[in-house]
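S.K.: Next up, target-v2.cif (mmCIF, C-alpha atoms).
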data_coords
loop_
_atom_site.label_atom_id
_atom_site.label_comp_id
_atom_site.auth_asym_id
_atom_site.auth_seq_id
_atom_site.Cartn_x
_atom_site.Cartn_y
_atom_site.Cartn_z
CA MET A 1 -24.25 -132.52 300.28
CA LYS A 2 -22.98 -135.66 298.59
CA SER A 3 -21.04 -135.05 295.38
CA PRO A 4 -22.85 -136.09 292.20
CA THR A 5 -21.60 -139.50 291.13
CA VAL A 6 -21.96 -141.49 287.92
CA GLU A 7 -21.40 -145.22 288.19
CA LEU A 8 -20.64 -147.60 285.33
CA LYS A 9 -20.37 -151.37 285.31
CA LEU A 10 -18.43 -152.66 282.32
CA PRO A 11 -18.21 -156.28 281.21
CA ILE A 12 -14.75 -157.46 280.23
CA LEU A 13 -15.25 -157.31 276.47
CA PRO A 14 -13.14 -155.73 273.72
CA ASN A 15 -13.20 -151.92 273.56
CA MET A 16 -15.60 -151.44 276.50
CA GLU A 17 -13.18 -148.77 277.69
CA LEU A 18 -14.60 -146.49 275.00
CA ILE A 19 -17.93 -146.45 276.83
CA ALA A 20 -16.07 -145.10 279.85
CA THR A 21 -14.41 -142.38 277.76
CA GLN A 22 -17.75 -141.28 276.32
CA THR A 23 -19.12 -140.92 279.86
CA ALA A 24 -16.00 -139.03 280.94
CA ASP A 25 -16.37 -136.65 277.97
CA ILE A 26 -19.94 -135.79 278.94
CA ILE A 27 -18.96 -135.17 282.58
CA ALA A 28 -15.92 -133.12 281.55
CA ASN A 29 -18.15 -131.01 279.33
CA HIS A 30 -20.60 -130.53 282.19
CA MET A 31 -17.70 -129.39 284.39
CA HIS A 32 -16.39 -127.04 281.69
CA LEU A 33 -13.03 -128.77 281.56
CA SER A 34 -10.85 -127.94 278.55
CA GLU A 35 -10.53 -130.20 275.52
CA GLU A 36 -6.96 -130.92 276.60
CA GLN A 37 -8.07 -131.98 280.08
CA SER A 38 -10.85 -134.08 278.63
CA GLY A 39 -8.41 -135.86 276.31
CA GLU A 40 -6.03 -136.55 279.19
CA ILE A 41 -8.84 -138.01 281.29
CA SER A 42 -9.96 -140.25 278.42
CA MET A 43 -6.47 -141.55 277.75
CA ALA A 44 -5.80 -142.26 281.44
CA LEU A 45 -9.18 -143.93 281.74
CA ILE A 46 -8.51 -146.16 278.73
CA GLU A 47 -5.26 -147.32 280.29
CA ALA A 48 -6.81 -147.91 283.71
CA CYS A 49 -9.62 -149.96 282.14
CA ILE A 50 -7.19 -152.01 280.05
CA ASN A 51 -5.08 -152.70 283.14
CA ALA A 52 -8.16 -153.83 284.99
CA PHE A 53 -9.32 -155.99 282.06
CA GLU A 54 -5.94 -157.59 281.40
CA HIS A 55 -4.18 -157.84 284.72
CA SER A 56 -6.95 -158.52 287.19
CA LYS A 57 -7.21 -162.12 285.94
CA THR A 58 -10.92 -162.08 286.57
CA GLU A 59 -13.98 -162.58 284.43
CA ASN A 60 -16.01 -160.25 286.62
CA SER A 61 -17.05 -156.82 285.47
CA ILE A 62 -15.13 -153.70 286.39
CA TYR A 63 -16.72 -150.69 288.04
CA ILE A 64 -16.03 -147.04 287.36
CA HIS A 65 -17.18 -144.22 289.62
CA PHE A 66 -17.02 -140.64 288.38
CA ILE A 67 -17.34 -138.20 291.28
CA VAL A 68 -18.01 -134.60 290.36
CA GLU A 69 -16.43 -132.23 292.88
CA GLU A 70 -16.50 -128.46 292.68
CA ASN A 71 -12.87 -128.23 291.57
CA SER A 72 -12.04 -131.70 290.35
CA MET A 73 -13.22 -134.91 288.77
CA ILE A 74 -12.41 -138.03 290.77
CA ILE A 75 -12.46 -141.33 288.89
CA LYS A 76 -12.24 -144.69 290.61
CA VAL A 77 -11.63 -147.79 288.48
CA ILE A 78 -12.38 -150.87 290.54
CA ASP A 79 -11.75 -154.50 289.70
CA GLN A 80 -12.19 -157.64 291.75
CA GLY A 81 -9.07 -159.36 290.49
CA ILE A 82 -5.97 -160.74 292.13
CA GLY A 83 -4.32 -157.38 292.74
CA PHE A 84 -0.77 -156.28 291.99
CA ASP A 85 2.29 -154.89 293.72
CA LYS A 86 2.97 -151.47 292.27
CA SER A 87 6.50 -151.44 293.64
CA LYS A 88 7.30 -154.33 291.31
CA VAL A 89 6.12 -152.49 288.20
CA GLU A 90 9.14 -151.21 286.29
CA ILE A 91 9.06 -147.73 284.79
CA PRO A 92 9.25 -148.36 281.04
CA LYS A 93 11.82 -146.63 278.87
CA ILE A 94 11.71 -146.80 275.11
CA GLU A 95 15.52 -147.03 275.02
CA ASN A 96 15.25 -150.38 276.79
CA LYS A 97 12.50 -151.64 274.55
CA ILE A 98 13.97 -150.94 271.11
CA GLY A 99 16.48 -153.32 269.63
CA ASN A 100 16.04 -156.18 272.07
CA ASP A 101 13.54 -158.80 273.05
CA GLU A 102 11.95 -156.83 275.87
CA ARG A 103 8.19 -156.69 275.43
CA LYS A 104 7.08 -153.38 274.01
CA ARG A 105 4.01 -153.08 276.21
CA GLY A 106 3.66 -152.02 279.86
CA TRP A 107 3.08 -148.27 279.54
CA GLY A 108 -0.29 -147.98 281.27
CA LEU A 109 0.70 -146.81 284.75
CA GLN A 110 3.24 -144.33 283.42
CA LEU A 111 0.66 -142.76 281.12
CA ILE A 112 -1.96 -142.58 283.87
CA GLN A 113 0.48 -140.85 286.22
CA ALA A 114 1.68 -138.44 283.54
CA LEU A 115 -1.80 -137.42 282.44
CA MET A 116 -3.66 -137.05 285.75
CA ASP A 117 -3.05 -134.62 288.63
CA SER A 118 -3.15 -137.31 291.31
CA VAL A 119 -3.20 -141.11 291.19
CA GLU A 120 -3.52 -143.58 294.06
CA PHE A 121 -3.52 -147.36 294.01
CA GLU A 122 -5.09 -149.64 296.58
CA SER A 123 -4.56 -153.29 295.82
CA THR A 124 -5.17 -156.50 297.73
CA ASN A 125 -5.68 -160.06 296.61
CA ALA A 126 -9.39 -159.26 296.44
CA GLY A 127 -9.11 -156.45 293.94
CA THR A 128 -7.60 -153.14 292.92
CA THR A 129 -8.92 -149.60 292.98
CA ILE A 130 -7.15 -146.88 291.03
CA THR A 131 -8.24 -143.40 292.09
CA MET A 132 -7.39 -140.69 289.58
CA ILE A 133 -8.03 -136.97 290.02
CA LYS A 134 -8.11 -134.24 287.39
CA ASN A 135 -8.28 -130.73 288.81
CA LYS A 136 -10.17 -127.95 287.03
CA MET B 1 -17.76 -148.46 267.50
CA SER B 2 -14.08 -149.17 266.99
CA ASP B 3 -13.68 -150.26 263.37
CA PHE B 4 -10.20 -149.34 262.32
CA LYS B 5 -9.69 -148.53 258.65
CA THR B 6 -6.62 -147.72 256.62
CA LEU B 7 -6.02 -146.13 253.24
CA VAL B 8 -2.59 -146.59 251.71
CA LYS B 9 -0.98 -144.46 249.03
CA GLU B 10 2.57 -143.90 247.83
CA LEU B 11 4.09 -140.55 246.99
CA ASN B 12 7.73 -140.06 245.96
CA GLU B 13 8.78 -143.40 247.48
CA VAL B 14 7.01 -142.59 250.73
CA VAL B 15 4.27 -144.94 251.89
CA ILE B 16 1.46 -142.93 253.47
CA ILE B 17 -0.98 -144.82 255.67
CA GLU B 18 -4.11 -142.88 256.54
CA THR B 19 -5.91 -144.28 259.57
CA GLU B 20 -9.45 -143.96 260.80
CA GLY B 21 -10.66 -145.21 264.18
CA TYR B 22 -9.31 -146.42 267.50
CA LEU B 23 -5.62 -147.37 267.39
CA ASN B 24 -5.80 -150.36 269.72
CA ASN B 25 -4.06 -153.72 269.40
CA GLU B 26 -6.01 -154.59 266.25
CA GLY B 27 -5.42 -151.18 264.70
CA GLY B 28 -1.74 -151.27 265.55
CA GLN B 29 -1.45 -154.73 264.06
CA LYS B 30 -3.08 -153.56 260.82
CA VAL B 31 -0.55 -150.75 260.50
CA TYR B 32 2.30 -153.14 261.35
CA ASP B 33 1.17 -155.63 258.70
CA ILE B 34 0.98 -152.94 256.02
CA CYS B 35 4.47 -151.67 256.91
CA ILE B 36 6.00 -155.15 256.86
CA GLU B 37 4.36 -155.96 253.53
CA LYS B 38 5.64 -152.74 251.98
CA MET B 39 9.10 -153.17 253.55
CA ASN B 40 9.32 -156.60 251.96
CA LEU B 41 8.67 -154.90 248.63
CA GLY B 42 11.50 -152.46 249.27
CA SER B 43 9.79 -149.44 250.87
CA ARG B 44 11.80 -147.68 253.58
CA LYS B 45 9.95 -144.45 254.30
CA PHE B 46 6.59 -144.50 256.05
CA LEU B 47 4.24 -141.75 257.15
CA ILE B 48 1.07 -142.30 259.13
CA ASN B 49 -1.69 -139.75 258.69
CA LEU B 50 -3.59 -139.92 261.98
CA THR B 51 -6.26 -137.41 261.08
CA GLY B 52 -9.04 -139.96 261.63
CA THR B 53 -7.59 -141.41 264.82
CA LYS B 54 -8.61 -139.38 267.85
CA VAL B 55 -8.21 -142.20 270.35
CA VAL B 56 -5.30 -144.59 270.92
CA ASN B 57 -4.22 -146.98 273.61
CA SER B 58 -0.73 -147.92 274.72
CA ILE B 59 -1.00 -151.41 273.24
CA GLY B 60 -1.67 -150.03 269.77
CA VAL B 61 1.13 -147.49 270.12
CA SER B 62 3.48 -150.23 271.40
CA ILE B 63 3.03 -152.02 268.08
CA LEU B 64 4.34 -148.88 266.36
CA ILE B 65 7.50 -149.33 268.45
CA GLU B 66 7.85 -152.71 266.74
CA VAL B 67 7.51 -150.97 263.37
CA ILE B 68 10.27 -148.53 264.37
CA GLU B 69 12.45 -151.47 265.38
CA LYS B 70 11.90 -153.23 262.05
CA LEU B 71 12.66 -150.03 260.15
CA GLN B 72 15.88 -149.50 262.09
CA GLU B 73 17.09 -152.84 260.76
CA VAL B 74 16.82 -151.56 257.17
CA GLU B 75 17.70 -147.90 257.84
CA GLY B 76 14.16 -146.84 257.18
CA LYS B 77 12.13 -144.16 258.91
CA LEU B 78 8.68 -143.52 260.29
CA GLY B 79 6.76 -140.32 260.85
CA TYR B 80 3.25 -139.18 261.75
CA TYR B 81 1.12 -136.11 261.06
CA ASN B 82 -2.32 -134.67 261.69
CA MET B 83 -2.22 -135.91 265.28
CA ALA B 84 -4.86 -135.04 267.85
CA PRO B 85 -3.22 -133.23 270.81
CA ILE B 86 -3.73 -136.14 273.22
CA VAL B 87 -2.31 -138.60 270.68
CA GLU B 88 0.76 -136.40 270.22
CA LYS B 89 1.16 -136.11 273.99
CA THR B 90 0.91 -139.89 274.37
CA PHE B 91 3.61 -140.42 271.74
CA HIS B 92 5.87 -137.98 273.60
CA ILE B 93 5.29 -139.65 276.99
CA MET B 94 6.07 -143.06 275.52
CA GLY B 95 9.19 -141.71 273.83
CA LEU B 96 8.25 -142.39 270.22
CA SER B 97 9.31 -138.87 269.32
CA LYS B 98 12.93 -139.91 270.03
CA TYR B 99 12.89 -142.62 267.37
CA SER B 100 10.39 -141.33 264.83
CA SER B 101 9.17 -137.93 263.66
CA LEU B 102 6.05 -135.95 264.45
CA TYR B 103 4.82 -133.37 261.94
CA LYS B 104 1.89 -131.01 261.80
CA THR B 105 0.94 -131.55 258.15
CA GLU B 106 1.57 -133.84 255.17
CA GLU B 107 3.44 -131.03 253.43
CA SER B 108 5.88 -130.52 256.29
CA ALA B 109 6.34 -134.27 256.65
CA LEU B 110 7.03 -134.84 252.95
CA ALA B 111 9.43 -131.89 252.88
CA GLU B 112 11.67 -133.72 255.36
CA PHE B 113 11.14 -137.22 253.99
#
Rewrite the structure of this file - the entire thing - as structure tokens.
M.R.:
Amino acid sequence: MKSPTVELKLPILPNMELIATQTADIIANHMHLSEEQSGEISMALIEACINAFEHSKTENSIYIHFIVEENSMIIKVIDQGIGFDKSKVEIPKIENKIGNDERKRGWGLQLIQALMDSVEFESTNAGTTITMIKNK
Amino acid sequence: MSDFKTLVKELNEVVIIETEGYLNNEGGQKVYDICIEKMNLGSRKFLINLTGTKVVNSIGVSILIEVIEKLQEVEGKLGYYNMAPIVEKTFHIMGLSKYSSLYKTEESALAEF
């Protein structure tokens, strides 16, 4: 049987990521995930949406698929932007950001990886899909 | 949906900024502007009461890193209290806990400030 799936299409407008977190909260509640797990999913989702909004360099919408498995929630955040090379993304360290001109931003991927149980990136010049899994 | 509000009070030379709403780039900028304005008037100790902020993003939190940087220049300090668990976890992951202080309550924060 196909796993139940919720699909969202979000326009690239300010704070649309909060619609995704509200959906994630409802699904997490349905799956009986803890409040801590639900918070981690929301935070990772916010960062994935912001990355898609800001870095995809596209005006197209982004798509989010929530797949409800027996023992996990799978979330795919899909954009149709120009893609990125993950190997070129530096791991941020606050020590390097304080007291110099280095930009303070750039924490999204680190947060996503720290908060989710599994994260995979597929990126081409036609778009990026981030697949994040939170286990029960 | 994401109106960010602040309430500012001062107690024993400590500026306390109570926030309500999503700490995104606009929210972070509001907090930054308040801190800079108060720093220009001589304030050096800042506490942020995050009781009304259950959701943050890394851009908003990054602006707090700029506040920390500005405070370091004048030997000031920044702390936070009443944090939702995921907000506290985010601050730890981003390393803010190395350069500013996290407290459970206003009382415990003021006791150390």
S.K.: From the set A:Ile98, A:Ile130, A:Ile75, A:Met116, which residue has the shortest atom-to-atom contact distance to Val67 (chain B), counting only C-alpha atoms?
M.R.: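 Looking only at the distances to Val67 (chain B), the closest residue turns out to be A:Ile98.
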S.K.: Evaluate the PyMOL selection byres ((chain B) within 6 of (chain A)) against this structure - the residues, as a list of chain:residue names, please.
M.R.: B:Ser62, B:Glu69, B:Ile86, B:Gly95
S.K.: Could you state the separation of CA of Asn135 (chain A) and CA of Gly60 (chain B) in Å, given to one decimal place?
M.R.: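 A separation of 27.9 Å between them.
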S.K.: If you apply the PyMOL selection byres ((chain B and resi 59) around 8) to this file, what residues do you get, as a list in words?
M.R.: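 With the shown file as input, the PyMOL selection byres ((chain B and resi 59) around 8) matches Arg105 of chain A; Asn24, Asn25, Gly28, Asn57, Ser58, Gly60, Val61, Ser62 and Ile63 of chain B.
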S.K.: Compile the contact shell of Lys70 (chain B) as a count of residues only: residues with an atom at most 9 Å away, counting only C-alpha atoms, same-chain residues fewer than 4 positions apart removed.
M.R.: 8
S.K.: When distances are computed from all atoms listed in the file, which of A:Lys88, A:Glu59, A:Glu69, A:Ala52 shows the smallest separation from Lys2 (chain A)?
M.R.: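 The closest residue to Lys2 (chain A) is A:Glu69.
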S.K.: Carefully work through the PyMOL selection byres ((chain A and resi 72) around 8) for this structure and note down the residues it includes, as a list of chain:residue names.
M.R.: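 Here the PyMOL selection byres ((chain A and resi 72) around 8) matches A:Val68, A:Glu69, A:Glu70, A:Asn71, A:Met73, A:Ile74, A:Ile133, A:Lys134, A:Asn135, A:Lys136.
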S.K.: Which residues come within 9 Å of Pro85 (chain B), counting all atoms listed in the file, excluding same-chain residues fewer than 2 positions away, as a count of residues only?
M.R.: 8
S.K.: CA of Gly21 (chain B) and CA of Thr51 (chain B) are how many Å apart?
M.R.: 9.5 Å
S.K.: Counting only C-alpha atoms, find residues at most 12 Å from (-10.3, -166.3, 288.6) (file frame) and give them as an MDAnalysis selection string.
M.R.: chainID A and resid 55:60 79:83 125:127
S.K.: Would you compute the distance between CA of Glu20 (chain B) and CA of Leu50 (chain B)? Give it in Å to one decimal.
M.R.: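 CA of Leu50 (chain B) lies 7.2 Å from CA of Glu20 (chain B).
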S.K.: Calculated over only C-alpha atoms, which of the candidates A:Val77, A:Leu109, A:Met1, A:Ile91 has the smallest distance to Ala20 (chain A)?
M.R.: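 Among A:Val77, A:Leu109, A:Met1, A:Ile91, it is A:Val77 that comes nearest to Ala20 (chain A).
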S.K.: Could you check which of B:Leu64, B:Leu47, B:Ala84, B:Leu7 is closest to Ser108 (chain B), using only C-alpha atoms?
M.R.: B:Leu47
S.K.: With region 7-11 of chain A as the partner and 8 Å as the cut-off, tabulate the residues of region 36-130 of chain A that qualify, each row holding the nearest pair of atoms and their distance in Å to one decimal, using only C-alpha atoms, sorted by chain and rising number, as a tab-separated table.
M.R.:
residue	atom	partner	partner_atom	distance
A:Asn60	CA	A:Pro11	CA	7.1
A:Ser61	CA	A:Pro11	CA	4.4
A:Ile62	CA	A:Leu10	CA	5.3
A:Tyr63	CA	A:Lys9	CA	4.6
A:Ile64	CA	A:Leu8	CA	5.1
A:His65	CA	A:Glu7	CA	4.6
A:Phe66	CA	A:Glu7	CA	6.3
S.K.: For each of B:Glu106, B:Leu71, B:Glu112, B:Ser100, take the minimum atom-to-atom distance to Asn40 (chain B), counting only C-alpha atoms, then give the residue where this is smallest.
M.R.: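 Smallest distance to Asn40 (chain B) is found for B:Leu71.
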S.K.: Restricting the calculation to all atoms listed in the file: of B:Asn49, B:Thr6, B:Gln72, B:Gln29, which residue gets closest to Tyr103 (chain B)?
M.R.: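 Comparing B:Asn49, B:Thr6, B:Gln72, B:Gln29 against Tyr103 (chain B), the winner is B:Asn49.
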